[in-house]
Amino acid sequence: MNITKRDVLELRRRLTKKGCSFTRMAGCYVGGSKNIVLKFAHPFLDLEDDVFYKYLEIAKKVLSGTPGGNLLELNFAKGEDAVLCQQLLGAVRESELKNDGMLDHLYEQIIAQYNSAGNYLILLFHDIYDVPTRTADGAKLDESEEIYSYMIGAICPVELSKPGIGYHEEDNCFGPRVRDWVVSLPELGFVYPAFSGGGSDVSSVLYYVKTGKESHPELMAQVLGCIPQRTAGEEKSEFQSIVSEAFGSEQEDAENAMLSIQKNLNELILVRDADDLPPTVMTTQAVQDILSDAPIPEPIKEQITKSYAHVFEGALPSAQNLLDNKMVAASAQREQTLALTRKIESLQQQLSEKSETDLPWDETSPAIVLQVSEDKAKQIQSQVIDGQKCLVIPLEEGDGARINGAPASL
């Protein structure tokens, strides 16, 4: 991973009313049956303020998230098709979105490959950034070190606004609200060329996926010409599926095993963070390590390891991407519950043993059981009183007694 959070933030911080230098914007509105409804292109800085800020928010969203999480650094694949994709991206960028033929070609590629049942808007923004020279401590100098020309692409769902009741001023009444088509923030986006190390990287693309949404590998491969990658959320989901499938129908055991695995993953990450070490890449050996003391039968451990190696071949995730914080919390809660249960069981056992020793009440037990001091025991005598055999316990001033746990009146 060459693109850092700092690189992303450097671009993102420029996307303000004063800092924005977008030269042009182009768009293509696509209907649910993949038909093109509208195409447009015009200078960006000429937009009215209310529209300007809405479009700027869309572009800014493509630069939000975490590198390696929902911001993926894609590398171009090998082969003629990938080269053609890269050439098209480069040509559209170099034209500064002014060549309608190239724009149409890119739109057609996206429409052909993007699997979506609803309406959506393809937006493209072009920008030129005079990257400032920096000193060793990161301070900016006045002169420019590089001119970074790039474009941002975004795919935004277009959906009908929610139905409701609204006030109709012309009729002075309330009635059904007029529903219109609303552009949402992007679910997918890209930046080409990527901005890495304070400069242009024409060999890679920054790819944005909205958290919780599908990454659409068909766009990565067929439109951008890149090797598809999974988001952190997809890697986590794939890993959990591997564990679940290894247990088959025994899903309760699978859930217990996953809680133990997540606990081990969290401990691994905490140790690495405490020692200021880079994130752990989850190799097959690393997976075997976190499985080692988990309550999992050996054949299932072997199945998990084998499936993991197959699914993540060539694109190993980091430990952080496989971590599920909710499961970590559930694992800690389970351990607390188990510890409390064990403590209760231990106390119950102690009470049971005390009962057997001190209160042996059953059909074979004596009718009277006394607990007295050794001195008092020596004073107890058996006497016949009024023809009835009795135990006589001498009492002294201040002596008290309990019978069956209740205070006795003496």
# chains A, B, ... in the order shown; residues from 1 in each chain; ligands from 1
call {"tool": "select_by_dssp", "arguments": {"residues": "segment 145-365 of chain A", "states": "strand (DSSP E or B)", "output": "MDAnalysis selection string"}}
result
chainID A and resid 145:160 165:168 173:176 181:183 188:192 194:196 199:201 204:209 226 281 318
call {"tool": "residues_around", "arguments": {"residues": "Ser116 of chain A", "least_positions_apart": "3", "cutoff": "10 Å", "atoms": "only C-alpha atoms", "output": "ChimeraX atom specification"}}
result
/A:31-34,111,113,119-120,157,216
call {"tool": "atom_distance", "arguments": {"atom1": "atom CA of Gly153 of chain A", "atom2": "atom CA of Leu188 of chain A"}}
result
8.3 Å
call {"tool": "residues_around", "arguments": {"residues": "Arg230 of chain A", "least_positions_apart": "4", "cutoff": "12 Å", "atoms": "only C-alpha atoms", "output": "number ranges by chain"}}
result
A: 68-74, 207-209, 211-218, 220, 234-239, 311-312, 314-318, 321-322
call {"tool": "residues_around", "arguments": {"residues": "Val183 of chain A", "least_positions_apart": "6", "cutoff": "12 Å", "atoms": "only C-alpha atoms", "output": "list in words"}}
result
Tyr29, Val30, Val51, Lys54, Tyr55, Glu57, Ile58, Gly118, Asn119, Tyr120, Leu121, Ile122, Leu123, Ala154, Ile155, Cys156, Pro157, Val158, Glu159, Leu160 and Ser161 of chain A
call {"tool": "residues_around", "arguments": {"residues": "Ala194 of chain A", "least_positions_apart": "3", "cutoff": "6 Å", "atoms": "only C-alpha atoms", "output": "VMD selection string"}}
result
chain A and resid 191 201 204 to 206
call {"tool": "closest_residue", "arguments": {"among": "A:Lys343, A:Ile380, A:Lys162, A:Val372", "to": "Asp399 of chain A", "atoms": "only C-alpha atoms"}}
result
A:Val372
call {"tool": "atom_distance", "arguments": {"atom1": "atom CA of Val384 of chain A", "atom2": "atom CA of Ala406 of chain A"}}
result
26.8 Å
call {"tool": "residues_around", "arguments": {"residues": "Ala401 of chain A", "least_positions_apart": "5", "cutoff": "10 Å", "atoms": "only C-alpha atoms", "output": "list in words"}}
result
Gln371, Val372, Leu395, Ala406, Pro407, Ala408, Ser409 and Leu410 of chain A
call {"tool": "closest_residue", "arguments": {"among": "A:Pro43, A:Gly225, A:Gly189, A:Gly164", "to": "Gln87 of chain A", "atoms": "only C-alpha atoms"}}
result
A:Gly225
call {"tool": "atom_distance", "arguments": {"atom1": "atom CA of Thr341 of chain A", "atom2": "atom CA of Leu259 of chain A"}}
result
18.2 Å
call {"tool": "residues_around", "arguments": {"residues": "His126 of chain A", "least_positions_apart": "6", "cutoff": "7 Å", "atoms": "only C-alpha atoms", "output": "PyMOL selection string"}}
result
chain A and resi 22-25+96-97+150-152
call {"tool": "select_by_dssp", "arguments": {"residues": "segment 160-359 of chain A", "states": "helix (DSSP H, G or I)", "output": "CSV table (one decimal) with C-alpha atoms, in the first residue's frame"}}
result
chain,number,residue,atom,x,y,z
A,217,PRO,CA,-15.1,-5.9,-9.2
A,218,GLU,CA,-16.5,-5.9,-12.7
A,219,LEU,CA,-15.8,-2.1,-12.8
A,220,MET,CA,-12.3,-2.5,-11.4
A,221,ALA,CA,-11.4,-5.1,-14.0
A,222,GLN,CA,-13.4,-4.2,-17.1
A,232,ALA,CA,-12.1,-4.4,4.5
A,233,GLY,CA,-15.8,-5.2,5.0
A,234,GLU,CA,-15.8,-7.8,2.2
A,235,GLU,CA,-12.6,-9.4,3.6
A,236,LYS,CA,-14.2,-9.7,7.0
A,237,SER,CA,-17.4,-11.2,5.6
A,238,GLU,CA,-15.4,-13.7,3.5
A,239,PHE,CA,-13.4,-14.8,6.5
A,240,GLN,CA,-16.4,-15.3,8.6
A,241,SER,CA,-18.0,-17.4,5.8
A,242,ILE,CA,-15.0,-19.6,5.6
A,243,VAL,CA,-15.3,-20.4,9.4
A,244,SER,CA,-19.0,-20.9,9.2
A,245,GLU,CA,-18.8,-23.2,6.2
A,246,ALA,CA,-16.1,-25.3,7.8
A,247,PHE,CA,-18.5,-26.2,10.6
A,251,GLN,CA,-23.5,-23.2,13.5
A,252,GLU,CA,-23.6,-22.8,17.3
A,253,ASP,CA,-20.1,-24.2,17.5
A,254,ALA,CA,-19.1,-22.0,14.6
A,255,GLU,CA,-20.3,-18.9,16.5
A,256,ASN,CA,-18.4,-19.9,19.6
A,257,ALA,CA,-15.2,-20.6,17.5
A,258,MET,CA,-15.5,-17.2,15.8
A,259,LEU,CA,-15.7,-15.4,19.2
A,260,SER,CA,-12.5,-17.1,20.2
A,261,ILE,CA,-10.8,-16.3,16.9
A,262,GLN,CA,-11.8,-12.6,17.2
A,263,LYS,CA,-10.4,-12.5,20.7
A,264,ASN,CA,-7.1,-13.8,19.5
A,265,LEU,CA,-7.1,-11.4,16.5
A,266,ASN,CA,-7.7,-8.5,18.9
A,267,GLU,CA,-4.9,-9.5,21.2
A,268,LEU,CA,-2.5,-9.8,18.2
A,269,ILE,CA,-3.4,-6.3,17.0
A,270,LEU,CA,-3.1,-4.8,20.5
A,271,VAL,CA,0.4,-6.3,20.9
A,272,ARG,CA,1.5,-4.9,17.5
A,273,ASP,CA,0.1,-1.5,18.3
A,274,ALA,CA,1.8,-1.5,21.7
A,284,THR,CA,-1.7,-18.8,6.2
A,285,GLN,CA,0.7,-19.2,9.1
A,286,ALA,CA,-0.8,-16.2,10.9
A,287,VAL,CA,-4.2,-17.8,10.6
A,288,GLN,CA,-2.9,-21.1,12.0
A,289,ASP,CA,-1.6,-19.1,15.0
A,290,ILE,CA,-4.9,-17.5,15.9
A,291,LEU,CA,-6.6,-20.9,15.5
A,298,GLU,CA,-8.2,-30.2,14.3
A,299,PRO,CA,-9.9,-31.3,11.0
A,300,ILE,CA,-11.9,-28.1,11.0
A,301,LYS,CA,-8.8,-26.0,11.7
A,302,GLU,CA,-7.2,-27.6,8.7
A,303,GLN,CA,-10.3,-26.9,6.5
A,304,ILE,CA,-10.4,-23.3,7.6
A,305,THR,CA,-6.7,-22.8,6.8
A,306,LYS,CA,-7.0,-24.5,3.4
A,307,SER,CA,-10.1,-22.5,2.4
A,308,TYR,CA,-8.4,-19.3,3.6
A,309,ALA,CA,-5.4,-19.9,1.4
A,310,HIS,CA,-7.6,-20.5,-1.6
A,311,VAL,CA,-9.9,-17.5,-1.2
A,319,ALA,CA,-5.4,-8.5,10.7
A,320,GLN,CA,-7.3,-5.2,11.3
A,321,ASN,CA,-9.5,-5.9,8.2
A,322,LEU,CA,-10.6,-9.2,9.7
A,325,ASN,CA,-15.3,-5.2,17.1
A,326,LYS,CA,-18.8,-6.3,18.0
A,327,MET,CA,-17.6,-9.9,18.2
A,328,VAL,CA,-14.7,-8.9,20.3
A,329,ALA,CA,-17.1,-7.2,22.7
A,330,ALA,CA,-19.3,-10.3,22.7
A,331,SER,CA,-16.3,-12.5,23.4
A,332,ALA,CA,-15.3,-10.4,26.4
A,333,GLN,CA,-18.9,-10.4,27.6
A,334,ARG,CA,-19.1,-14.2,27.2
A,335,GLU,CA,-15.9,-14.6,29.3
A,336,GLN,CA,-17.3,-12.5,32.0
A,337,THR,CA,-20.5,-14.5,32.0
A,338,LEU,CA,-18.5,-17.8,32.1
A,339,ALA,CA,-16.4,-16.5,35.0
A,340,LEU,CA,-19.4,-15.4,36.9
A,341,THR,CA,-21.1,-18.8,36.2
A,342,ARG,CA,-18.0,-20.7,37.4
A,343,LYS,CA,-18.0,-18.5,40.6
A,344,ILE,CA,-21.6,-19.2,41.3
A,345,GLU,CA,-21.1,-23.0,40.7
A,346,SER,CA,-18.1,-22.9,43.1
A,347,LEU,CA,-20.2,-21.1,45.8
A,348,GLN,CA,-23.0,-23.6,45.3
A,349,GLN,CA,-20.6,-26.5,45.7
A,350,GLN,CA,-19.2,-24.9,48.9
A,351,LEU,CA,-22.7,-24.5,50.3
A,352,SER,CA,-23.5,-28.1,49.4
A,353,GLU,CA,-20.4,-29.4,51.1
A,354,LYS,CA,-21.2,-27.2,54.2
A,355,SER,CA,-24.8,-28.5,54.2
A,356,GLU,CA,-23.6,-32.1,54.1
A,357,THR,CA,-21.1,-31.5,57.0
A,358,ASP,CA,-23.1,-29.2,59.2
